[in-house]
Every structure is written in C-alpha cells, then in structure tokens.
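Colleague: What follows is upload.txt, made up of compact mmCIF, C-alpha atoms:
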# COMPACT_ATOMS: atom_id res chain seq x y z
CA MET H 29 0.00 0.00 0.00
CA LYS H 30 1.33 3.44 -0.96
CA VAL H 31 1.32 6.62 1.12
CA ALA H 32 -1.04 8.26 -1.40
CA GLU H 33 -3.68 5.69 -0.40
CA VAL H 34 -3.52 6.37 3.34
CA MET H 35 -2.50 10.02 3.66
CA ASN H 36 -4.80 12.83 4.74
CA LYS H 37 -4.90 15.44 1.97
CA ASN H 38 -6.80 18.03 4.04
CA VAL H 39 -3.85 19.16 6.11
CA VAL H 40 -4.23 21.75 8.83
CA THR H 41 -1.12 23.93 8.75
CA CYS H 42 0.19 26.99 10.48
CA HIS H 43 2.65 29.80 9.82
CA PRO H 44 5.91 30.24 11.77
CA SER H 45 4.74 33.60 13.11
CA GLU H 46 1.44 32.35 14.57
CA LYS H 47 1.14 32.71 18.33
CA LEU H 48 1.14 29.52 20.39
CA THR H 49 -2.20 30.50 21.90
CA VAL H 50 -3.68 30.27 18.37
CA ILE H 51 -1.99 26.90 17.82
CA ILE H 52 -3.52 25.51 21.01
CA ASN H 53 -6.94 26.53 19.71
CA LYS H 54 -6.24 24.85 16.34
CA PHE H 55 -5.23 21.61 18.10
CA GLU H 56 -8.52 21.64 19.99
CA LEU H 57 -10.72 22.80 17.10
CA PHE H 58 -9.42 20.25 14.60
CA HIS H 59 -8.78 17.43 17.13
CA ILE H 60 -5.12 17.12 16.14
CA ALA H 61 -1.88 16.81 18.08
CA GLY H 62 0.49 18.37 15.58
CA MET H 63 0.68 20.18 12.27
CA PRO H 64 3.12 21.12 9.53
CA VAL H 65 4.46 24.66 9.54
CA THR H 66 4.45 26.24 6.09
CA GLU H 67 5.67 29.49 4.65
CA LYS H 68 4.83 30.52 1.08
CA GLY H 69 3.64 26.98 0.38
CA SER H 70 6.86 25.31 1.52
CA LEU H 71 7.28 23.09 4.57
CA VAL H 72 9.57 24.79 7.12
CA GLY H 73 8.85 22.73 10.23
CA ILE H 74 6.37 20.82 12.34
CA VAL H 75 4.82 21.75 15.67
CA THR H 76 3.25 19.33 18.13
CA GLN H 77 1.39 19.45 21.43
CA THR H 78 4.60 18.26 23.08
CA ASP H 79 6.47 21.28 21.70
CA VAL H 80 3.81 23.62 23.04
CA LEU H 81 3.68 21.91 26.45
CA ARG H 82 7.45 22.21 26.73
CA ALA H 83 7.12 25.96 26.04
CA VAL H 84 4.37 26.29 28.65
CA ARG H 85 6.59 24.61 31.23
CA GLU H 86 9.54 26.87 30.47
CA ALA H 87 7.83 30.26 30.14
CA ALA H 88 4.64 32.21 29.65
CA ILE H 89 3.48 31.58 26.09
CA GLU H 90 1.44 34.71 25.37
CA ASP H 91 4.23 36.16 23.22
CA GLU H 92 5.70 32.88 21.96
CA VAL H 93 5.28 31.99 18.30
CA VAL H 94 5.51 28.71 16.40
CA ARG H 95 9.02 29.51 15.13
CA ASP H 96 10.24 29.50 18.76
CA VAL H 97 9.18 25.90 19.45
CA MET H 98 8.79 24.04 16.13
CA THR H 99 11.06 21.29 14.88
CA ALA H 100 12.77 22.59 11.74
CA GLU H 101 14.45 19.32 10.72
CA VAL H 102 11.37 17.45 9.53
CA VAL H 103 11.25 13.85 8.35
CA VAL H 104 9.23 13.82 5.11
CA ILE H 105 7.93 11.15 2.77
CA SER H 106 6.70 10.91 -0.80
CA PRO H 107 3.21 9.82 -1.91
CA THR H 108 4.87 6.88 -3.67
CA ASP H 109 6.59 5.55 -0.52
CA SER H 110 5.12 2.41 1.02
CA ALA H 111 3.00 2.51 4.15
CA THR H 112 5.35 -0.07 5.65
CA HIS H 113 8.30 2.30 5.13
CA VAL H 114 6.38 5.07 6.90
CA ALA H 115 5.56 2.81 9.86
CA ARG H 116 9.24 1.88 10.19
CA LEU H 117 10.26 5.55 10.05
CA MET H 118 7.78 6.43 12.78
CA ILE H 119 9.13 3.67 15.01
CA GLU H 120 12.80 4.46 14.30
CA LYS H 121 12.42 8.22 14.79
CA GLY H 122 9.84 8.07 17.60
CA ILE H 123 7.39 10.30 15.73
CA ASN H 124 3.62 10.14 15.22
CA ARG H 125 3.08 12.09 12.00
CA ILE H 126 5.05 12.62 8.81
CA PRO H 127 4.34 15.29 6.19
CA VAL H 128 4.00 14.10 2.60
CA VAL H 129 5.94 16.27 0.14
CA GLU H 130 5.94 16.14 -3.65
CA ASP H 131 7.94 18.49 -5.87
CA GLY H 132 8.82 20.57 -2.81
CA LYS H 133 5.18 21.15 -1.83
CA LEU H 134 3.18 19.77 1.08
CA VAL H 135 0.49 17.45 -0.34
CA GLY H 136 -0.61 15.52 2.74
CA ILE H 137 0.24 14.05 6.11
CA VAL H 138 0.31 10.50 7.47
CA THR H 139 -0.36 9.87 11.15
CA ARG H 140 -0.19 6.76 13.27
CA GLY H 141 -3.98 6.67 13.17
CA ASP H 142 -3.97 6.70 9.36
CA LEU H 143 -1.72 3.63 9.33
CA ILE H 144 -3.86 1.82 11.90
CA ARG H 145 -7.04 2.54 9.89
CA ALA H 146 -5.35 1.30 6.70
CA ALA H 147 -4.23 -1.91 8.42
CA ALA H 148 -7.73 -2.52 9.78
CA VAL H 149 -9.29 -2.14 6.31
CA CYS H 150 -6.78 -4.58 4.77
CA GLU H 151 -7.78 -7.42 7.09
Here is a file; write its structure as structure tokens.

Modeller:
Amino acid sequence: MKVAEVMNKNVVTCHPSEKLTVIINKFELFHIAGMPVTEKGSLVGIVTQTDVLRAVREAAIEDEVVRDVMTAEVVVISPTDSATHVARLMIEKGINRIPVVEDGKLVGIVTRGDLIRAAAVCE
C-alpha cells in the first residue's frame, strides 16, 4: 500500500509567526496533536502538542510563536513511498506524524492513526 492511499490530503497547517495561543486553539478545534508549519507553500517545520507543552513549562506563552518551538528538521515522505516504510520511520524516529511532500510542496500528512485505519481495512 502506498502513502497516497492512506495520507490525509486536508492538512491543517500553520505559519511560523502564529502565536502559540492560536496553535492551542487549532489543536482543539481540529482534534489534532500536531501540524506542519508552512511558509509561502513550503514546509519549514512541524509543531506538536509536546512542543507547546514544553514551552508552557519553560515560560509564559502569550508572546511565543511557532518559530520559537517548532522542529525545523522534519522527516518527510513521498506519496509513492510504502505505508510499511512510513511505519518503520515512525518507530525508528519516535514520531507520530510525517508530512507528505511532492515536488517541494506539502500534499498531505500521514499519522499513526492513518496507518492503523489502513491496516484494519486490509484485514
């Protein structure tokens, strides 16, 4: 099974300059735990609930922005990669979501839940 078959194409994203208070609201509104950070259509990072919680622990977050807490070195995959490859990457890297990039543009995201749903349908 290929990534294109399991990925979510309706990706909630944010901008590096968005305030963390806005990001917390997006997590709650869209029932997500992380999202790609894009600027001018290009992937520049990823921000997760863990990143935001770490910021909350270390300081007041009213003035903090995504750029301050995001992970800039993002593991990415292609729509033509196999779902098995993605699962291995998630295990090896200890991550729960991987942005899907094609021709330098964000085209989707695969989460642990997406892989579990795909496995359940295959049975």

Colleague: Draw an axis-aligned box over all listed atoms of segment 45-61 of chain H, pad each side with 3 Å, and write its centre and edge lengths in Å, one decimal, as lines of an AutoDock Vina configuration file.

Modeller:
center_x = -3.0
center_y = 25.2
center_z = 17.5
size_x = 21.5
size_y = 22.8
size_z = 14.8

Colleague: From the set H:Ala148, H:Met29, H:Val84, H:Ile123, which residue has the shortest atom-to-atom contact distance to Ala61 of chain H, counting all atoms listed in the file?

Modeller: H:Ile123

Colleague: In Å, rounded to a single decimal, give me how far atom CA of Thr139 of chain H is from atom CA of Arg125 of chain H.

Modeller: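 Atom CA of Thr139 of chain H lies 4.2 Å from atom CA of Arg125 of chain H.
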
Colleague: Under the rule that all atoms listed in the file are counted, which of H:Arg145, H:Lys30, H:Lys133, H:His59 is the nearest residue to Val72 of chain H?

Modeller: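 Of the candidates, the smallest distance to Val72 of chain H is held by H:Lys133.
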
Colleague: Can you tell me, as a PDB file with C-alpha atoms, in the frame of the given file, what residues are no more than 9 Å from Thr66 of chain H when counting only C-alpha atoms, ignoring any on the same chain fewer than 2 positions away?

Modeller:
ATOM      1  CA  THR H  41      -1.120  23.930   8.750  1.00  0.00           C
ATOM      2  CA  CYS H  42       0.190  26.990  10.480  1.00  0.00           C
ATOM      3  CA  HIS H  43       2.650  29.800   9.820  1.00  0.00           C
ATOM      4  CA  PRO H  44       5.910  30.240  11.770  1.00  0.00           C
ATOM      5  CA  PRO H  64       3.120  21.120   9.530  1.00  0.00           C
ATOM      6  CA  LYS H  68       4.830  30.520   1.080  1.00  0.00           C
ATOM      7  CA  GLY H  69       3.640  26.980   0.380  1.00  0.00           C
ATOM      8  CA  SER H  70       6.860  25.310   1.520  1.00  0.00           C
ATOM      9  CA  LEU H  71       7.280  23.090   4.570  1.00  0.00           C
ATOM     10  CA  VAL H  72       9.570  24.790   7.120  1.00  0.00           C
ATOM     11  CA  GLY H  73       8.850  22.730  10.230  1.00  0.00           C
ATOM     12  CA  ILE H  74       6.370  20.820  12.340  1.00  0.00           C
ATOM     13  CA  LEU H 134       3.180  19.770   1.080  1.00  0.00           C
TER      14      LEU H 134
END

Colleague: Point out the residue among H:Val93, H:Leu117, H:Ala146, H:Ile137 with the least atom-to-atom distance to Lys37 of chain H, counting all atoms listed in the file.

Modeller: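 For Lys37 of chain H, the nearest of the candidates is H:Ile137.
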
Colleague: Can you work out the spacing between atom CA of Leu143 of chain H and atom CA of Val129 of chain H in Å, to one decimal?

Modeller: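 According to the coordinates, atom CA of Leu143 of chain H and atom CA of Val129 of chain H are separated by 17.4 Å.
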
Colleague: Rank nothing, just name the residue among H:Ala111, H:Val40, H:Val31, H:Val97 nearest to Val75 of chain H, using all atoms listed in the file.

Modeller: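 Closest residue, counting all atoms listed in the file: H:Val97.
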
Colleague: In terms of the shortest atom-to-atom distance over all atoms listed in the file, which of H:Thr49, H:Asn124, H:Ser106, H:Asn36 is closest to Ile89 of chain H?

Modeller: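 Going through H:Thr49, H:Asn124, H:Ser106, H:Asn36 one by one, the smallest distance to Ile89 of chain H is for H:Thr49.
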
Colleague: Separation of atom CA of Ala83 of chain H and atom CA of Lys47 of chain H, in Å?

Modeller: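 Going from atom CA of Ala83 of chain H over to atom CA of Lys47 of chain H, I get 11.9 Å.
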
Colleague: List as a PDB file with C-alpha atoms, in the coordinates of the input the protein and nucleic acid residues near Ile52 of chain H, meaning an atom at most 8 Å away when all atoms listed in the file are counted, but skip any in the same chain fewer than 4 places from it.

Modeller:
ATOM      1  CA  LEU H  48       1.140  29.520  20.390  1.00  0.00           C
ATOM      2  CA  GLU H  56      -8.520  21.640  19.990  1.00  0.00           C
ATOM      3  CA  GLN H  77       1.390  19.450  21.430  1.00  0.00           C
ATOM      4  CA  VAL H  80       3.810  23.620  23.040  1.00  0.00           C
TER       5      VAL H  80
END

Colleague: Considering only C-alpha atoms, can you say which of H:Val128, H:Ala87, H:Met118, H:Leu81 comes closest to Val104 of chain H?

Modeller: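 So, comparing all the options, the nearest one is H:Val128.
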
Colleague: When you look at Met98 of chain H with a cut-off of 8 Å (counting all atoms listed in the file), what residues show up, excluding the ones that are within fewer than 2 positions of it in the same chain? I need them as a list in words.

Modeller: Val65, Gly73, Ile74, Val75, Thr76, Asp79, Val94, Arg95, Asp96 and Ala100 of chain H
